[in-house]
$ cat final09.txt   # compact mmCIF, C-alpha atoms
# COMPACT_ATOMS: atom_id res chain seq x y z
CA MET I 1 114.75 69.75 254.80
CA PRO I 2 115.65 66.60 252.80
CA GLY I 3 112.33 66.92 250.97
CA ALA I 4 113.03 70.56 250.12
CA ILE I 5 116.49 69.65 248.84
CA ALA I 6 114.97 66.93 246.68
CA ASP I 7 112.44 69.42 245.28
CA VAL I 8 115.19 71.91 244.40
CA TYR I 9 117.18 69.12 242.77
CA LEU I 10 114.23 68.11 240.59
CA ILE I 11 113.61 71.74 239.61
CA LEU I 12 117.20 72.18 238.44
CA PHE I 13 118.12 68.70 237.24
CA GLY I 14 114.87 66.78 236.79
CA PRO I 15 114.25 64.17 234.08
CA GLY I 16 112.75 66.74 231.70
CA LEU I 17 115.95 68.83 231.64
CA VAL I 18 119.13 68.09 229.70
CA THR I 19 121.07 69.22 232.78
CA GLY I 20 120.10 65.99 234.54
CA PRO I 21 123.14 63.98 235.69
CA VAL I 22 122.16 60.88 233.71
CA TYR I 23 121.91 62.83 230.47
CA LEU I 24 125.17 64.63 231.15
CA ALA I 25 126.85 61.29 231.88
CA LEU I 26 125.58 59.81 228.59
CA ALA I 27 126.72 62.95 226.76
CA GLY I 28 130.10 62.64 228.47
CA LEU I 29 130.53 59.09 227.19
CA ALA I 30 129.71 60.19 223.65
CA ALA I 31 132.07 63.14 224.04
CA PHE I 32 134.84 60.78 225.17
CA TRP I 33 134.34 58.79 221.97
CA VAL I 34 134.67 62.02 219.95
CA TYR I 35 137.76 62.98 221.98
CA ARG I 36 139.46 59.67 221.20
CA ARG I 37 138.38 59.70 217.55
CA GLU I 38 139.77 63.18 217.02
CA GLY I 39 142.99 62.40 218.83
CA ALA I 40 142.63 65.60 220.85
CA ARG I 41 145.63 66.69 222.87
CA GLY I 42 145.64 67.22 226.62
CA GLY I 43 143.42 65.64 229.24
CA PHE I 44 139.84 64.71 228.50
CA TRP I 45 138.36 66.88 231.27
CA ARG I 46 140.19 70.00 230.08
CA TRP I 47 139.00 69.27 226.55
CA LEU I 48 135.41 68.68 227.64
CA VAL I 49 135.14 71.55 230.14
CA PRO I 50 137.61 74.20 228.95
CA ALA I 51 137.97 77.28 231.11
CA ARG I 52 137.62 79.54 228.04
CA ILE I 53 134.01 78.37 227.74
CA TRP I 54 132.88 77.88 231.32
CA ARG I 55 134.35 81.21 232.47
CA HIS I 56 133.09 83.12 229.45
CA PRO I 57 130.62 85.97 230.18
CA SER I 58 128.19 84.32 227.77
CA HIS I 59 128.10 81.17 229.90
CA LEU I 60 127.54 83.21 233.04
CA ILE I 61 124.46 84.71 231.39
CA ASP I 62 123.34 81.17 230.53
CA LEU I 63 123.44 80.26 234.21
CA GLN I 64 121.51 83.36 235.27
CA LEU I 65 118.77 82.81 232.69
CA PHE I 66 118.63 79.12 233.59
CA VAL I 67 117.98 79.95 237.26
CA LEU I 68 115.44 82.63 236.30
CA GLY I 69 113.61 80.19 234.03
CA ARG I 70 113.47 77.52 236.71
CA LEU I 71 112.14 80.04 239.24
CA MET I 72 109.37 81.00 236.83
CA ALA I 73 108.55 77.32 236.33
CA VAL I 74 108.25 76.90 240.09
CA LEU I 75 105.84 79.83 240.24
CA GLY I 76 103.63 77.98 237.77
CA LEU I 77 103.92 80.46 234.92
CA PHE I 78 104.39 77.66 232.41
CA ALA I 79 101.53 75.31 233.26
CA GLY I 80 101.57 73.88 229.75
CA LEU I 81 100.04 70.56 230.68
CA ALA I 82 96.91 72.23 232.07
CA VAL I 83 96.52 74.31 228.89
CA THR I 84 97.02 71.22 226.74
CA THR I 85 94.38 69.28 228.64
CA PHE I 86 91.90 72.18 228.47
CA VAL I 87 92.35 72.61 224.70
CA ALA I 88 92.21 68.86 224.08
CA ALA I 89 88.95 68.66 226.03
CA GLY I 90 87.42 71.47 223.97
CA VAL I 91 88.46 69.96 220.65
CA ALA I 92 87.35 66.47 221.66
CA GLY I 93 83.93 67.87 222.54
CA LEU I 94 83.50 69.19 218.98
CA ILE I 95 83.78 65.80 217.31
CA PRO I 96 81.40 62.84 217.73
CA ALA I 97 84.17 60.52 218.87
CA PRO I 98 87.95 60.56 219.00
CA LEU I 99 89.65 59.29 215.86
CA LEU I 100 91.74 56.94 217.95
CA ALA I 101 91.08 55.39 221.33
CA ALA I 102 94.04 55.16 223.67
CA GLU I 103 93.07 51.71 224.93
CA ASN I 104 93.33 50.31 221.40
CA LEU I 105 96.91 51.50 220.93
CA GLY I 106 100.09 49.82 222.01
CA PRO I 107 102.40 51.73 224.38
CA VAL I 108 104.92 52.58 221.65
CA ALA I 109 102.26 53.86 219.23
CA LEU I 110 100.62 55.85 222.00
CA ALA I 111 103.94 57.39 223.01
CA LEU I 112 104.67 58.47 219.45
CA ILE I 113 101.17 59.83 218.81
CA LEU I 114 101.35 61.96 221.94
CA TRP I 115 104.93 63.09 221.40
CA LEU I 116 105.11 63.74 217.66
CA PRO I 117 102.74 66.75 217.78
CA SER I 118 104.93 68.20 220.52
CA ASP I 119 108.10 67.87 218.47
CA PHE I 120 106.29 69.15 215.37
CA SER I 121 105.04 72.21 217.27
CA ILE I 122 108.54 72.96 218.55
CA TYR I 123 109.75 73.02 214.94
CA TRP I 124 107.10 75.51 213.83
CA VAL I 125 107.28 77.76 216.87
CA HIS I 126 111.05 77.89 216.47
CA ARG I 127 110.75 78.65 212.77
CA ILE I 128 108.21 81.43 213.40
CA TYR I 129 110.57 83.08 215.88
CA HIS I 130 113.19 83.28 213.13
CA ARG I 131 110.89 84.37 210.33
CA TRP I 132 108.62 86.87 212.13
CA GLU I 133 110.68 90.00 212.68
CA ARG I 134 108.34 91.38 215.33
CA ILE I 135 109.10 88.61 217.83
CA TRP I 136 112.62 87.71 216.67
CA PRO I 137 114.26 89.93 219.36
CA LEU I 138 112.88 87.61 222.04
CA HIS I 139 114.52 84.56 220.46
CA ALA I 140 117.67 86.53 219.63
CA VAL I 141 118.59 86.16 223.30
CA HIS I 142 119.15 82.46 222.69
CA HIS I 143 121.28 83.10 219.61
CA SER I 144 123.43 85.73 221.31
CA ALA I 145 125.43 82.96 222.98
CA GLU I 146 129.09 83.19 222.00
CA VAL I 147 129.93 79.82 223.55
CA MET I 148 127.62 76.92 224.25
CA THR I 149 127.16 74.47 227.10
CA PRO I 150 124.10 72.36 228.04
CA PHE I 151 122.86 75.35 230.06
CA THR I 152 122.59 77.33 226.80
CA THR I 153 119.52 75.20 226.10
CA TYR I 154 117.71 77.35 228.66
CA ARG I 155 119.16 80.68 227.58
CA GLN I 156 115.69 81.99 226.82
CA HIS I 157 113.98 85.31 227.41
CA PRO I 158 111.19 84.88 230.01
CA VAL I 159 108.58 86.30 227.61
CA ALA I 160 109.73 83.89 224.91
CA ASN I 161 109.42 81.05 227.41
CA LEU I 162 105.84 82.05 228.13
CA LEU I 163 104.84 82.45 224.47
CA THR I 164 106.49 79.18 223.51
CA SER I 165 104.84 77.29 226.34
CA VAL I 166 101.37 78.54 225.47
CA ALA I 167 101.76 78.06 221.70
CA GLN I 168 103.04 74.51 222.04
CA ALA I 169 100.40 73.62 224.63
CA VAL I 170 97.60 74.83 222.35
CA PHE I 171 98.94 73.00 219.30
CA VAL I 172 99.53 69.75 221.17
CA GLY I 173 96.12 70.04 222.82
CA ILE I 174 94.42 70.35 219.42
CA CYS I 175 96.25 67.27 218.12
CA GLN I 176 95.47 65.24 221.20
CA GLY I 177 91.83 66.32 221.12
CA LEU I 178 91.50 65.16 217.50
CA LEU I 179 93.32 61.88 217.97
CA ILE I 180 92.43 60.74 221.45
CA GLY I 181 90.52 63.36 223.44
CA VAL I 182 90.73 63.87 227.17
CA LEU I 183 87.57 61.93 227.97
CA VAL I 184 89.46 58.68 227.56
CA GLU I 185 89.92 57.28 231.03
CA ASP I 186 93.60 56.53 230.60
CA LEU I 187 94.63 59.95 229.29
CA ALA I 188 96.65 60.97 232.34
CA VAL I 189 98.55 57.70 232.21
CA ALA I 190 98.92 58.07 228.47
CA GLU I 191 100.52 61.49 228.80
CA ILE I 192 102.95 60.26 231.43
CA ALA I 193 103.80 57.12 229.45
CA GLY I 194 103.91 58.95 226.13
CA ILE I 195 105.20 62.50 226.27
CA ASN I 196 107.43 62.04 229.30
CA LEU I 197 108.86 58.79 227.98
CA CYS I 198 109.76 60.39 224.66
CA ILE I 199 111.23 63.45 226.37
CA VAL I 200 113.41 61.17 228.46
CA LEU I 201 114.50 59.21 225.39
CA ALA I 202 115.17 62.41 223.43
CA ASN I 203 117.28 63.82 226.25
CA ALA I 204 119.07 60.52 226.59
CA GLY I 205 119.78 60.77 222.86
CA LEU I 206 122.62 63.23 223.46
CA ALA I 207 120.47 66.38 223.57
CA ALA I 208 122.96 67.77 226.11
CA LEU I 209 125.55 67.97 223.31
CA HIS I 210 123.33 70.05 221.02
CA HIS I 211 124.57 73.12 222.85
CA SER I 212 128.24 72.36 223.25
CA HIS I 213 131.59 72.55 221.45
CA VAL I 214 131.61 68.78 220.87
CA TRP I 215 131.23 68.18 217.13
CA LEU I 216 129.19 65.00 216.68
CA SER I 217 127.49 64.25 213.37
CA TYR I 218 125.29 61.21 212.73
CA GLY I 219 126.03 61.11 209.01
CA PRO I 220 123.84 62.16 206.05
CA LEU I 221 121.39 59.26 206.29
CA LEU I 222 120.45 59.53 209.97
CA GLU I 223 120.52 63.34 209.83
CA HIS I 224 117.46 63.24 207.61
CA VAL I 225 115.60 61.73 210.56
CA PHE I 226 117.28 62.90 213.77
CA ILE I 227 118.87 66.23 214.66
CA SER I 228 122.51 65.65 215.61
CA PRO I 229 124.52 67.90 217.94
CA ALA I 230 126.50 69.15 214.93
CA GLN I 231 123.31 70.06 213.08
CA HIS I 232 122.04 72.16 215.95
CA GLN I 233 125.42 73.84 216.30
CA ILE I 234 125.10 74.74 212.60
CA HIS I 235 121.76 76.36 213.48
CA HIS I 236 123.62 78.68 215.90
CA SER I 237 126.29 79.61 213.35
CA ALA I 238 126.80 83.24 212.36
CA ASP I 239 127.58 82.16 208.79
CA PRO I 240 124.77 83.35 206.44
CA ALA I 241 124.95 79.96 204.69
CA HIS I 242 123.58 78.42 207.89
CA TYR I 243 120.75 80.89 208.53
CA ASN I 244 117.25 79.47 208.97
CA ARG I 245 118.38 75.85 208.94
CA ASN I 246 117.79 72.91 211.28
CA PHE I 247 114.88 74.21 213.36
CA GLY I 248 114.01 70.72 214.61
CA ASN I 249 114.29 69.79 218.27
CA SER I 250 114.71 66.01 218.20
CA LEU I 251 113.60 65.07 214.70
CA ALA I 252 115.10 66.33 211.44
CA LEU I 253 112.07 64.98 209.57
CA TRP I 254 110.27 68.32 209.77
CA ASP I 255 113.27 70.21 208.35
CA TRP I 256 113.51 67.63 205.58
CA MET I 257 109.79 67.87 204.81
CA PHE I 258 109.68 71.69 204.76
CA GLY I 259 112.98 72.51 203.09
CA THR I 260 115.05 73.80 206.01
CA LEU I 261 117.38 70.81 206.48
CA TYR I 262 121.14 71.30 206.50
CA VAL I 263 122.96 67.97 206.33
CA ILE I 264 126.54 67.79 207.57
CA ARG I 265 129.09 66.86 204.91
CA GLY I 266 132.21 67.39 207.00
CA ARG I 267 133.63 69.23 209.98
CA GLU I 268 132.91 72.96 209.90
CA GLU I 269 134.48 75.66 212.05
CA LEU I 270 131.73 77.84 213.45
CA THR I 271 131.52 81.35 214.85
CA LEU I 272 128.64 81.82 217.26
CA GLY I 273 126.68 84.90 218.22
CA LEU I 274 124.95 87.80 216.47
CA SER I 275 126.59 90.46 214.34
CA GLY I 276 123.76 92.83 213.43
CA GLU I 277 123.81 96.37 214.79
CA ALA I 278 120.42 95.88 216.46
CA GLU I 279 121.79 92.92 218.42
CA GLN I 280 124.77 94.63 220.00
CA ALA I 281 123.00 95.24 223.31
CA LEU I 282 122.60 91.48 223.66
CA MET I 283 126.22 90.85 222.75
CA ARG I 284 127.32 92.82 225.81
CA GLN I 285 126.45 89.65 227.76
CA ARG I 286 124.80 91.49 230.65
CA LEU I 287 121.54 90.40 232.25
CA GLY I 288 119.84 93.82 232.30
CA PRO I 289 120.07 94.48 228.54
CA MET I 290 119.35 90.79 227.89
CA LEU I 291 115.98 91.13 229.63
CA TRP I 292 114.95 94.65 228.65
CA ASP I 293 116.29 95.26 225.12
CA PRO I 294 114.23 92.53 223.37
CA VAL I 295 111.01 93.80 225.00
CA ALA I 296 111.84 97.38 224.00
CA ARG I 297 112.49 96.32 220.42
CA VAL I 298 109.23 94.37 220.23
CA LEU I 299 107.30 97.37 221.58
CA ARG I 300 109.00 99.75 219.11
CA ARG I 301 108.09 97.43 216.22
CA LYS I 302 104.50 97.29 217.45
CA ARG I 303 104.22 101.08 217.56
CA ARG I 304 105.66 101.40 214.05
CA ALA I 305 103.24 98.76 212.80

$ encode --input "final09.txt" --output "structure tokens"
Amino acid sequence: MPGAIADVYLILFGPGLVTGPVYLALAGLAAFWVYRREGARGGFWRWLVPARIWRHPSHLIDLQLFVLGRLMAVLGLFAGLAVTTFVAAGVAGLIPAPLLAAENLGPVALALILWLPSDFSIYWVHRIYHRWERIWPLHAVHHSAEVMTPFTTYRQHPVANLLTSVAQAVFVGICQGLLIGVLVEDLAVAEIAGINLCIVLANAGLAALHHSHVWLSYGPLLEHVFISPAQHQIHHSADPAHYNRNFGNSLALWDWMFGTLYVIRGREELTLGLSGEAEQALMRQRLGPMLWDPVARVLRRKRRA
């Protein structure tokens, strides 16, 4: 039984999830700094975890989709690492030798080389969801949140989870095959030391506040390099001035390079959620429509096409 409890704990709060206690604790410390800086009234806990957010129907949907997503992960529907390795092996076999050998790289360089393609792919997959109308309904589930907590990170339609996992795994596999290849003896260690290390560092870098009401900006200079919580909250804004901005996951470099960066100049009051007529089924904040309506819309678009 203790082993089963530990397994459940890792599934729900493991080191790859922003819901992990360590990440939440680090986010809480940063939030306390914001609380003191703003001179907020009332107790810190009530400010950080207000009932109006945690009892909101939108947050309850977050929790249901979070549990559903973790169950699907347990069933092995998102075996991204296996896909990545398979693709990397195929690409590596097409070139005479890898461009870089893992054993010749330092641990920091290896970590970045393995992680940067992952972050880059997240940017482009995210951007495609917004720009390609046929699959937008699947991602609209994420943007139908009217309030945000760290669990909103995993407010994803199951089909979107599957597509995202496969797309990112293929892209990262291609990059790894070109740069290192899977025939290098230390690849398994490299992936653990590289991708997982960077994921841990990214989560430790206040990723839990990206989906929250805590307004934390890094300032114009750093926000050309790193995505701040405030920048991602801007991405969720219903204001047309904020549409299609800040697609990055950890790095703002990609937004800066490809013209989608929105740099914070001051505190902005945001309204979250979707206002279009086609999105109203999602805005009912009920699990049934949240799961079925995006699929129905995608199928209708396919038939029209």

$ residues_around --input "final09.txt" --residues "Leu63 in chain I" --least-positions-apart "3" --cutoff "12 Å" --atoms "only C-alpha atoms" --output "CSV table (one decimal) with C-alpha atoms, keeping the file's coordinate frame"
chain,number,residue,atom,x,y,z
I,12,LEU,CA,117.2,72.2,238.4
I,19,THR,CA,121.1,69.2,232.8
I,54,TRP,CA,132.9,77.9,231.3
I,55,ARG,CA,134.4,81.2,232.5
I,56,HIS,CA,133.1,83.1,229.4
I,57,PRO,CA,130.6,86.0,230.2
I,58,SER,CA,128.2,84.3,227.8
I,59,HIS,CA,128.1,81.2,229.9
I,60,LEU,CA,127.5,83.2,233.0
I,66,PHE,CA,118.6,79.1,233.6
I,67,VAL,CA,118.0,80.0,237.3
I,68,LEU,CA,115.4,82.6,236.3
I,69,GLY,CA,113.6,80.2,234.0
I,70,ARG,CA,113.5,77.5,236.7
I,145,ALA,CA,125.4,83.0,223.0
I,148,MET,CA,127.6,76.9,224.2
I,149,THR,CA,127.2,74.5,227.1
I,150,PRO,CA,124.1,72.4,228.0
I,151,PHE,CA,122.9,75.4,230.1
I,152,THR,CA,122.6,77.3,226.8
I,153,THR,CA,119.5,75.2,226.1
I,154,TYR,CA,117.7,77.4,228.7
I,155,ARG,CA,119.2,80.7,227.6
I,156,GLN,CA,115.7,82.0,226.8
I,285,GLN,CA,126.4,89.6,227.8
I,286,ARG,CA,124.8,91.5,230.6
I,287,LEU,CA,121.5,90.4,232.2

$ closest_residue --input "final09.txt" --among "I:Val170, I:Leu222, I:Leu206, I:Thr271" --to "Gly20 in chain I" --atoms "only C-alpha atoms"
I:Leu206

$ residues_near_point --input "final09.txt" --point "(125.6, 76.0, 211.6)" --cutoff "12 Å" --atoms "only C-alpha atoms" --output "CSV table (one decimal) with C-alpha atoms, in the coordinates of the input"
chain,number,residue,atom,x,y,z
I,143,HIS,CA,121.3,83.1,219.6
I,210,HIS,CA,123.3,70.0,221.0
I,211,HIS,CA,124.6,73.1,222.8
I,215,TRP,CA,131.2,68.2,217.1
I,228,SER,CA,122.5,65.6,215.6
I,229,PRO,CA,124.5,67.9,217.9
I,230,ALA,CA,126.5,69.2,214.9
I,231,GLN,CA,123.3,70.1,213.1
I,232,HIS,CA,122.0,72.2,216.0
I,233,GLN,CA,125.4,73.8,216.3
I,234,ILE,CA,125.1,74.7,212.6
I,235,HIS,CA,121.8,76.4,213.5
I,236,HIS,CA,123.6,78.7,215.9
I,237,SER,CA,126.3,79.6,213.4
I,238,ALA,CA,126.8,83.2,212.4
I,239,ASP,CA,127.6,82.2,208.8
I,240,PRO,CA,124.8,83.4,206.4
I,241,ALA,CA,125.0,80.0,204.7
I,242,HIS,CA,123.6,78.4,207.9
I,243,TYR,CA,120.8,80.9,208.5
I,244,ASN,CA,117.2,79.5,209.0
I,245,ARG,CA,118.4,75.8,208.9
I,246,ASN,CA,117.8,72.9,211.3
I,247,PHE,CA,114.9,74.2,213.4
I,261,LEU,CA,117.4,70.8,206.5
I,262,TYR,CA,121.1,71.3,206.5
I,263,VAL,CA,123.0,68.0,206.3
I,264,ILE,CA,126.5,67.8,207.6
I,265,ARG,CA,129.1,66.9,204.9
I,266,GLY,CA,132.2,67.4,207.0
I,267,ARG,CA,133.6,69.2,210.0
I,268,GLU,CA,132.9,73.0,209.9
I,269,GLU,CA,134.5,75.7,212.0
I,270,LEU,CA,131.7,77.8,213.4
I,271,THR,CA,131.5,81.4,214.8
I,272,LEU,CA,128.6,81.8,217.3
I,273,GLY,CA,126.7,84.9,218.2

$ atom_distance --input "final09.txt" --atom1 "CA of Cys175 in chain I" --atom2 "CA of Pro117 in chain I"
6.5 Å

$ closest_residue --input "final09.txt" --among "I:Pro158, I:Ser144, I:Glu133, I:Leu94" --to "Ala281 in chain I" --atoms "only C-alpha atoms"
I:Ser144

$ atom_distance --input "final09.txt" --atom1 "CA of Asn249 in chain I" --atom2 "CA of Tyr123 in chain I"
6.5 Å

$ residues_around --input "final09.txt" --residues "Leu48 in chain I" --least-positions-apart "4" --cutoff "9 Å" --atoms "all atoms listed in the file" --output "list of chain:residue names"
I:Gly28, I:Ala31, I:Phe32, I:Tyr35, I:Gly43, I:Phe44, I:His213, I:Val214
